[in-house]
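One file, start25.cif, is given below (mmCIF, C-alpha atoms).
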```cif
data_structure
loop_
_atom_site.label_atom_id
_atom_site.label_comp_id
_atom_site.auth_asym_id
_atom_site.auth_seq_id
_atom_site.Cartn_x
_atom_site.Cartn_y
_atom_site.Cartn_z
CA MET A 1 0.00 0.00 0.00
CA SER A 2 1.38 3.38 -0.97
CA ILE A 3 -0.02 6.73 0.14
CA ALA A 4 -0.35 9.28 -2.65
CA PRO A 5 -0.41 12.90 -1.47
CA ASP A 6 -3.79 14.52 -2.14
CA PRO A 7 -4.37 17.90 -0.45
CA ASP A 8 -8.15 17.35 -0.46
CA VAL A 9 -8.00 14.08 1.50
CA THR A 10 -7.09 13.79 5.16
CA ILE A 11 -5.69 10.32 5.73
CA PRO A 12 -6.26 9.03 9.29
CA ASP A 13 -3.15 8.67 11.46
CA GLU A 14 -3.79 4.95 11.85
CA ALA A 15 -3.84 4.41 8.07
CA LEU A 16 -0.56 6.28 7.73
CA LEU A 17 1.04 4.20 10.48
CA VAL A 18 -0.10 0.95 8.86
CA ALA A 19 1.19 2.17 5.48
CA PHE A 20 4.56 2.98 7.08
CA ALA A 21 4.67 -0.49 8.65
CA ASN A 22 4.21 -1.84 5.12
CA GLY A 23 7.21 0.13 3.85
CA ASP A 24 5.65 3.41 2.68
CA GLN A 25 8.17 6.15 3.57
CA LEU A 26 5.86 8.94 2.34
CA ALA A 27 3.30 7.82 4.92
CA ALA A 28 5.97 8.16 7.62
CA ARG A 29 6.83 11.68 6.46
CA LEU A 30 3.15 12.71 6.40
CA LEU A 31 2.51 11.26 9.84
CA ALA A 32 5.66 12.83 11.31
CA SER A 33 4.81 16.25 9.85
CA ARG A 34 1.36 15.98 11.42
CA LEU A 35 2.32 14.63 14.86
CA LEU A 36 5.81 15.94 15.60
CA PRO A 37 4.84 19.63 16.10
CA ARG A 38 2.10 18.63 18.55
CA VAL A 39 4.26 16.30 20.64
CA LEU A 40 7.11 18.82 20.64
CA ALA A 41 4.72 21.50 21.92
CA GLN A 42 3.41 19.15 24.62
CA ALA A 43 6.93 18.22 25.74
CA THR A 44 8.06 21.87 25.74
CA ARG A 45 5.12 22.86 27.94
CA MET A 46 5.78 20.02 30.35
CA LEU A 47 9.58 20.38 30.55
CA PHE A 48 10.02 24.14 29.99
CA ASP A 49 13.20 23.26 28.04
CA ARG A 50 13.15 23.21 24.23
CA THR A 51 16.28 21.07 23.83
CA GLU A 52 15.06 18.45 26.27
CA ALA A 53 11.61 18.56 24.65
CA GLU A 54 13.16 17.87 21.25
CA ASP A 55 14.89 14.80 22.70
CA VAL A 56 11.60 13.57 24.15
CA ALA A 57 9.71 14.18 20.90
CA GLN A 58 12.35 12.29 18.93
CA ASP A 59 12.31 9.40 21.42
CA ALA A 60 8.50 9.25 21.29
CA MET A 61 8.47 9.18 17.48
CA MET A 62 11.10 6.41 17.46
CA ARG A 63 8.88 4.39 19.78
CA LEU A 64 5.96 4.94 17.42
CA TRP A 65 7.98 3.68 14.45
CA LYS A 66 9.05 0.61 16.45
CA VAL A 67 5.47 -0.36 17.35
CA ALA A 68 4.13 0.29 13.84
CA PRO A 69 4.45 -3.34 12.61
CA ASP A 70 2.55 -4.59 15.68
CA TRP A 71 -0.05 -1.79 15.80
CA ARG A 72 -3.46 -3.21 16.64
CA GLN A 73 -5.99 -1.19 14.74
CA GLY A 74 -8.99 0.09 16.63
CA GLU A 75 -7.48 -0.30 20.13
CA ALA A 76 -6.10 3.23 20.51
CA GLN A 77 -5.76 6.38 18.44
CA VAL A 78 -2.22 7.01 17.26
CA GLY A 79 -2.22 10.59 18.54
CA THR A 80 -3.56 9.62 21.96
CA TRP A 81 -1.00 6.81 22.27
CA LEU A 82 1.79 9.22 21.32
CA TYR A 83 0.62 11.93 23.77
CA ARG A 84 0.70 9.34 26.53
CA VAL A 85 4.23 8.25 25.61
CA VAL A 86 5.36 11.90 25.62
CA ALA A 87 3.67 12.54 28.97
CA ASN A 88 5.37 9.49 30.49
CA LEU A 89 8.78 10.42 29.08
CA CYS A 90 8.42 13.99 30.38
CA THR A 91 7.25 12.79 33.79
CA ASP A 92 10.30 10.53 34.02
CA ARG A 93 12.59 13.45 33.21
CA LEU A 94 10.84 15.73 35.70
CA ARG A 95 11.20 13.13 38.44
CA LYS A 96 14.93 12.87 37.70
CA ARG A 97 15.32 16.60 38.10
CA ARG A 98 13.72 16.59 41.57
CA GLY A 99 14.47 20.27 41.93
CA GLY A 100 12.35 21.70 39.18
CA VAL A 101 13.35 24.25 36.59
CA SER A 102 14.35 27.80 37.35
CA LEU A 103 12.34 30.45 35.55
CA ASP A 104 15.50 31.56 33.72
CA GLN A 105 15.51 28.19 31.92
CA VAL A 106 11.96 28.55 30.54
CA ALA A 107 12.19 28.71 26.76
CA GLU A 108 10.47 31.54 24.96
CA PRO A 109 7.84 30.18 22.60
CA ALA A 110 8.25 31.00 18.92
CA ASP A 111 5.80 33.63 17.65
CA ASP A 112 5.16 34.66 14.05
CA THR A 113 3.33 37.89 14.92
CA PRO A 114 4.80 40.68 12.80
CA SER A 115 4.50 43.47 15.39
CA VAL A 116 7.34 43.67 17.90
CA GLY A 117 4.93 44.99 20.55
CA ALA A 118 2.59 42.08 19.97
CA GLN A 119 5.54 39.67 20.14
CA MET A 120 6.64 41.14 23.46
CA GLN A 121 3.13 40.95 24.88
CA THR A 122 2.63 37.36 23.68
CA ALA A 123 6.02 36.38 25.13
CA ALA A 124 5.15 38.00 28.48
CA ARG A 125 1.80 36.19 28.55
CA MET A 126 3.37 32.82 27.69
CA ARG A 127 6.11 33.35 30.27
CA ALA A 128 3.47 34.22 32.87
CA LEU A 129 1.43 31.15 31.88
CA SER A 130 4.53 28.92 32.08
CA GLU A 131 5.35 30.39 35.48
CA GLY A 132 1.78 29.83 36.62
CA LEU A 133 1.68 26.24 35.35
CA ALA A 134 5.03 25.57 37.03
CA GLN A 135 3.45 26.50 40.37
CA LEU A 136 0.67 23.91 40.00
CA PRO A 137 1.02 20.30 41.09
CA GLU A 138 2.41 18.26 38.17
CA ARG A 139 -0.80 16.34 37.38
CA GLN A 140 -2.96 19.50 37.47
CA ALA A 141 -0.54 21.32 35.16
CA GLN A 142 -0.53 18.38 32.75
CA ALA A 143 -4.34 18.13 32.68
CA VAL A 144 -4.81 21.89 32.17
CA ALA A 145 -2.19 22.01 29.39
CA LEU A 146 -3.61 19.00 27.54
CA ARG A 147 -7.17 20.32 27.80
CA HIS A 148 -6.74 24.03 27.21
CA LEU A 149 -3.49 24.32 25.27
CA GLU A 150 -3.61 21.09 23.24
CA GLY A 151 -7.41 21.07 22.93
CA LEU A 152 -7.80 17.39 23.78
CA SER A 153 -11.07 15.99 25.10
CA ASN A 154 -11.44 14.73 28.65
CA PRO A 155 -11.62 11.07 27.52
CA GLU A 156 -8.40 11.50 25.52
CA ILE A 157 -6.69 13.10 28.51
CA ALA A 158 -7.94 10.31 30.77
CA GLU A 159 -6.37 7.75 28.45
CA ILE A 160 -3.08 9.67 28.26
CA MET A 161 -2.85 10.17 32.03
CA ASP A 162 -4.24 6.70 32.80
CA ILE A 163 -6.99 8.07 35.07
CA SER A 164 -10.78 8.32 34.93
CA VAL A 165 -12.63 11.08 33.07
CA ARG A 166 -14.00 12.28 36.40
CA SER A 167 -10.43 12.60 37.71
CA VAL A 168 -9.49 14.61 34.61
CA GLU A 169 -12.45 16.93 35.22
CA SER A 170 -11.42 17.37 38.84
CA LEU A 171 -7.74 17.97 38.04
CA THR A 172 -8.62 20.42 35.28
CA ALA A 173 -11.11 22.35 37.41
CA ARG A 174 -8.75 22.58 40.39
CA GLY A 175 -5.84 23.50 38.10
CA LYS A 176 -7.83 26.25 36.36
CA ARG A 177 -8.95 27.72 39.70
CA ALA A 178 -5.42 27.65 41.09
CA LEU A 179 -4.01 29.14 37.87
CA ALA A 180 -6.65 31.89 37.91
CA ASP A 181 -5.66 32.74 41.51
CA ILE A 182 -1.97 32.79 40.55
CA MET A 183 -2.61 35.03 37.53
CA ALA A 184 -5.26 37.31 39.12
CA GLY A 185 -2.94 40.15 40.07
CA ARG A 186 -1.23 40.26 36.68
CA LYS A 187 -4.12 41.24 34.34
CA ALA A 188 -3.03 44.84 33.75
CA GLU A 189 0.64 43.88 33.44
CA LEU A 190 -0.24 41.32 30.73
CA GLY A 191 -2.52 43.69 28.80
CA TYR A 192 -5.88 42.22 29.75
CA GLU A 193 -8.69 44.70 30.36
CA ASP A 194 -11.48 44.08 32.88
CA ASP A 195 -14.92 44.12 31.30
#
```
Would you give me this structure, written as structure tokens?
Amino acid sequence: MSIAPDPDVTIPDEALLVAFANGDQLAARLLASRLLPRVLAQATRMLFDRTEAEDVAQDAMMRLWKVAPDWRQGEAQVGTWLYRVVANLCTDRLRKRRGGVSLDQVAEPADDTPSVGAQMQTAARMRALSEGLAQLPERQAQAVALRHLEGLSNPEIAEIMDISVRSVESLTARGKRALADIMAGRKAELGYEDD
């Protein structure tokens, strides 16, 4: 089976993985171009270190390629499986650190906004968000980031974190409340107006 590029057709991740397992290198490139930016973003948010996040993303993709020949269709979504691998790899690295990351080590996120003022404001907001997330318990920060930054559903997050949907809802709600409390005094500084 060979995947022919057609801009009007979105090929499911699972079909691309199966095609790669059958020797289709184009399928691997398509799948990597789709998944790698998302897992890199997830790892960067969890680790607050771009270089380390790149290592994790590469390791996670290598694991995906290794399981491709044995992939059991219909048991899990490729993206969900990969998010879980990234979360586990990041958690392992965070546990090894045991001291956390200083705020000076938080990587600035890339921003394509043409205005320098807008870039500075976006960078300040992302830095503040990273600082706020870093103050949350690890599981709350992970649930909030997966839900509100990655846009994943609660069932997907539950599968990634290996917890119940109710636990995801609880972690997300508590994390959002705690993050709102942390960020409350910084609205004016970050350019947010009260309505």
- Message: Please list as a VMD selection string every residue within 12 Å of Asp59 of chain A, counting only C-alpha atoms and excluding residues in the same chain fewer than 2 positions away.
- Response: chain A and resid 36 39 to 40 43 52 to 57 61 to 66 82 85 to 90
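Proximity of A:Ala180, A:Thr91, A:Arg125, A:Glu14 to Ala76 of chain A, computed with only C-alpha atoms, is greatest for A:Glu14.
Here atom CA of Thr172 of chain A stands at a distance of 18.9 Å from atom CA of Ala41 of chain A.
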- Interatomic distance between atom CA of Gln58 of chain A and atom CA of Leu149 of chain A? 20.9 Å
- Message: Using the chain letters and numbers from this file, what does the PyMOL selection byres ((chain A and resi 157) around 12) select? Give the answer as a VMD selection string.
- Response: chain A and resid 79 to 84 87 139 to 140 142 to 148 150 to 156 158 to 169 171 to 172
- Tell me which of A:Ala19, A:Leu94, A:Ala173, A:Ala32 sits closest to Pro69 of chain A, counting all atoms listed in the file. A:Ala19
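Coordinates place atom CA of Ala124 of chain A at a distance of 20.8 Å from atom CA of Thr51 of chain A.
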Coordinates of box centre and edge lengths for segment 83-87 of chain A, 8 Å on every side, axis-aligned, as JSON:
```
{"center_x": 3.0, "center_y": 10.4, "center_z": 26.4, "size_x": 20.7, "size_y": 20.3, "size_z": 21.2}
```
- Closest to Lys96 of chain A among A:Ala15, A:Ile182, A:Leu47, A:Leu190, using only C-alpha atoms? A:Leu47
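Excluding Leu136 of chain A itself and any same-chain residue fewer than 2 positions from it, the protein and nucleic acid residues within 8 Å of it, counting all atoms listed in the file, are Gly132, Leu133, Ala134, Glu138, Gln140, Ala141, Gly175, Ala178 and Leu179 of chain A.
Nearest to Pro137 of chain A of all the residues A:Met46, A:Tyr192, A:Gln119, A:Val18 is A:Met46, based on only C-alpha atoms.
Using all atoms listed in the file, the nearest neighbour of Met183 of chain A within the list A:Asp13, A:Arg127, A:Ser170, A:Gln121 is A:Arg127.
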Could you model all heavy atoms for segment 35-46 of chain A and present them as a PDB file, keeping the file's coordinate frame?
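Saved result, rebuild_14.pdb, follows:
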```pdb
ATOM      1  N   LEU A  35       2.257  14.896  13.424  1.00  0.00           N
ATOM      2  CA  LEU A  35       2.320  14.630  14.860  1.00  0.00           C
ATOM      3  C   LEU A  35       3.480  15.311  15.581  1.00  0.00           C
ATOM      4  O   LEU A  35       3.344  15.705  16.735  1.00  0.00           O
ATOM      5  CB  LEU A  35       2.400  13.118  15.111  1.00  0.00           C
ATOM      6  CG  LEU A  35       1.202  12.297  14.668  1.00  0.00           C
ATOM      7  CD1 LEU A  35       1.472  10.819  14.896  1.00  0.00           C
ATOM      8  CD2 LEU A  35      -0.060  12.735  15.396  1.00  0.00           C
ATOM      9  N   LEU A  36       4.623  15.434  14.928  1.00  0.00           N
ATOM     10  CA  LEU A  36       5.810  15.940  15.600  1.00  0.00           C
ATOM     11  C   LEU A  36       5.631  17.344  16.192  1.00  0.00           C
ATOM     12  O   LEU A  36       6.020  17.566  17.338  1.00  0.00           O
ATOM     13  CB  LEU A  36       7.015  15.886  14.659  1.00  0.00           C
ATOM     14  CG  LEU A  36       8.376  16.094  15.305  1.00  0.00           C
ATOM     15  CD1 LEU A  36       8.599  15.124  16.453  1.00  0.00           C
ATOM     16  CD2 LEU A  36       9.479  15.953  14.279  1.00  0.00           C
ATOM     17  N   PRO A  37       5.020  18.300  15.478  1.00  0.00           N
ATOM     18  CA  PRO A  37       4.840  19.630  16.100  1.00  0.00           C
ATOM     19  C   PRO A  37       3.984  19.574  17.367  1.00  0.00           C
ATOM     20  O   PRO A  37       4.251  20.287  18.329  1.00  0.00           O
ATOM     21  CB  PRO A  37       4.158  20.452  15.008  1.00  0.00           C
ATOM     22  CG  PRO A  37       4.501  19.761  13.727  1.00  0.00           C
ATOM     23  CD  PRO A  37       4.595  18.302  14.067  1.00  0.00           C
ATOM     24  N   ARG A  38       2.973  18.718  17.377  1.00  0.00           N
ATOM     25  CA  ARG A  38       2.100  18.630  18.550  1.00  0.00           C
ATOM     26  C   ARG A  38       2.813  18.001  19.739  1.00  0.00           C
ATOM     27  O   ARG A  38       2.684  18.483  20.866  1.00  0.00           O
ATOM     28  CB  ARG A  38       0.830  17.841  18.198  1.00  0.00           C
ATOM     29  CG  ARG A  38       0.012  18.541  17.139  1.00  0.00           C
ATOM     30  CD  ARG A  38      -1.332  17.950  16.848  1.00  0.00           C
ATOM     31  NE  ARG A  38      -1.476  16.525  16.984  1.00  0.00           N
ATOM     32  CZ  ARG A  38      -2.269  15.774  16.250  1.00  0.00           C
ATOM     33  NH1 ARG A  38      -2.980  16.318  15.292  1.00  0.00           N
ATOM     34  NH2 ARG A  38      -2.374  14.488  16.448  1.00  0.00           N
ATOM     35  N   VAL A  39       3.579  16.928  19.512  1.00  0.00           N
ATOM     36  CA  VAL A  39       4.260  16.300  20.640  1.00  0.00           C
ATOM     37  C   VAL A  39       5.409  17.168  21.127  1.00  0.00           C
ATOM     38  O   VAL A  39       5.687  17.205  22.334  1.00  0.00           O
ATOM     39  CB  VAL A  39       4.732  14.854  20.330  1.00  0.00           C
ATOM     40  CG1 VAL A  39       3.555  13.955  20.028  1.00  0.00           C
ATOM     41  CG2 VAL A  39       5.736  14.797  19.225  1.00  0.00           C
ATOM     42  N   LEU A  40       6.046  17.896  20.221  1.00  0.00           N
ATOM     43  CA  LEU A  40       7.110  18.820  20.640  1.00  0.00           C
ATOM     44  C   LEU A  40       6.525  19.932  21.504  1.00  0.00           C
ATOM     45  O   LEU A  40       7.105  20.302  22.528  1.00  0.00           O
ATOM     46  CB  LEU A  40       7.815  19.390  19.413  1.00  0.00           C
ATOM     47  CG  LEU A  40       8.957  20.356  19.703  1.00  0.00           C
ATOM     48  CD1 LEU A  40      10.025  19.712  20.575  1.00  0.00           C
ATOM     49  CD2 LEU A  40       9.571  20.850  18.397  1.00  0.00           C
ATOM     50  N   ALA A  41       5.371  20.449  21.118  1.00  0.00           N
ATOM     51  CA  ALA A  41       4.720  21.500  21.920  1.00  0.00           C
ATOM     52  C   ALA A  41       4.337  20.964  23.288  1.00  0.00           C
ATOM     53  O   ALA A  41       4.544  21.633  24.309  1.00  0.00           O
ATOM     54  CB  ALA A  41       3.484  22.015  21.190  1.00  0.00           C
ATOM     55  N   GLN A  42       3.786  19.745  23.335  1.00  0.00           N
ATOM     56  CA  GLN A  42       3.410  19.150  24.620  1.00  0.00           C
ATOM     57  C   GLN A  42       4.640  18.978  25.511  1.00  0.00           C
ATOM     58  O   GLN A  42       4.624  19.342  26.684  1.00  0.00           O
ATOM     59  CB  GLN A  42       2.726  17.802  24.410  1.00  0.00           C
ATOM     60  CG  GLN A  42       2.377  17.110  25.715  1.00  0.00           C
ATOM     61  CD  GLN A  42       2.007  15.639  25.542  1.00  0.00           C
ATOM     62  OE1 GLN A  42       2.135  15.081  24.472  1.00  0.00           O
ATOM     63  NE2 GLN A  42       1.569  15.030  26.614  1.00  0.00           N
ATOM     64  N   ALA A  43       5.717  18.446  24.959  1.00  0.00           N
ATOM     65  CA  ALA A  43       6.930  18.220  25.740  1.00  0.00           C
ATOM     66  C   ALA A  43       7.546  19.542  26.207  1.00  0.00           C
ATOM     67  O   ALA A  43       8.003  19.642  27.354  1.00  0.00           O
ATOM     68  CB  ALA A  43       7.947  17.427  24.912  1.00  0.00           C
ATOM     69  N   THR A  44       7.510  20.558  25.358  1.00  0.00           N
ATOM     70  CA  THR A  44       8.060  21.870  25.740  1.00  0.00           C
ATOM     71  C   THR A  44       7.272  22.458  26.902  1.00  0.00           C
ATOM     72  O   THR A  44       7.847  22.994  27.850  1.00  0.00           O
ATOM     73  CB  THR A  44       8.046  22.831  24.532  1.00  0.00           C
ATOM     74  OG1 THR A  44       8.815  22.260  23.475  1.00  0.00           O
ATOM     75  CG2 THR A  44       8.617  24.184  24.908  1.00  0.00           C
ATOM     76  N   ARG A  45       5.942  22.333  26.848  1.00  0.00           N
ATOM     77  CA  ARG A  45       5.120  22.860  27.940  1.00  0.00           C
ATOM     78  C   ARG A  45       5.351  22.091  29.236  1.00  0.00           C
ATOM     79  O   ARG A  45       5.307  22.659  30.320  1.00  0.00           O
ATOM     80  CB  ARG A  45       3.649  22.811  27.567  1.00  0.00           C
ATOM     81  CG  ARG A  45       3.216  24.014  26.774  1.00  0.00           C
ATOM     82  CD  ARG A  45       1.719  24.089  26.663  1.00  0.00           C
ATOM     83  NE  ARG A  45       1.179  23.011  25.861  1.00  0.00           N
ATOM     84  CZ  ARG A  45       1.125  23.028  24.534  1.00  0.00           C
ATOM     85  NH1 ARG A  45       1.586  24.051  23.870  1.00  0.00           N
ATOM     86  NH2 ARG A  45       0.609  22.030  23.869  1.00  0.00           N
ATOM     87  N   MET A  46       5.578  20.809  29.138  1.00  0.00           N
ATOM     88  CA  MET A  46       5.780  20.020  30.350  1.00  0.00           C
ATOM     89  C   MET A  46       7.180  20.199  30.942  1.00  0.00           C
ATOM     90  O   MET A  46       7.343  20.227  32.155  1.00  0.00           O
ATOM     91  CB  MET A  46       5.534  18.531  30.081  1.00  0.00           C
ATOM     92  CG  MET A  46       4.074  18.188  29.892  1.00  0.00           C
ATOM     93  SD  MET A  46       3.818  16.417  29.697  1.00  0.00           S
ATOM     94  CE  MET A  46       4.116  15.855  31.390  1.00  0.00           C
TER      95      MET A  46
END
```
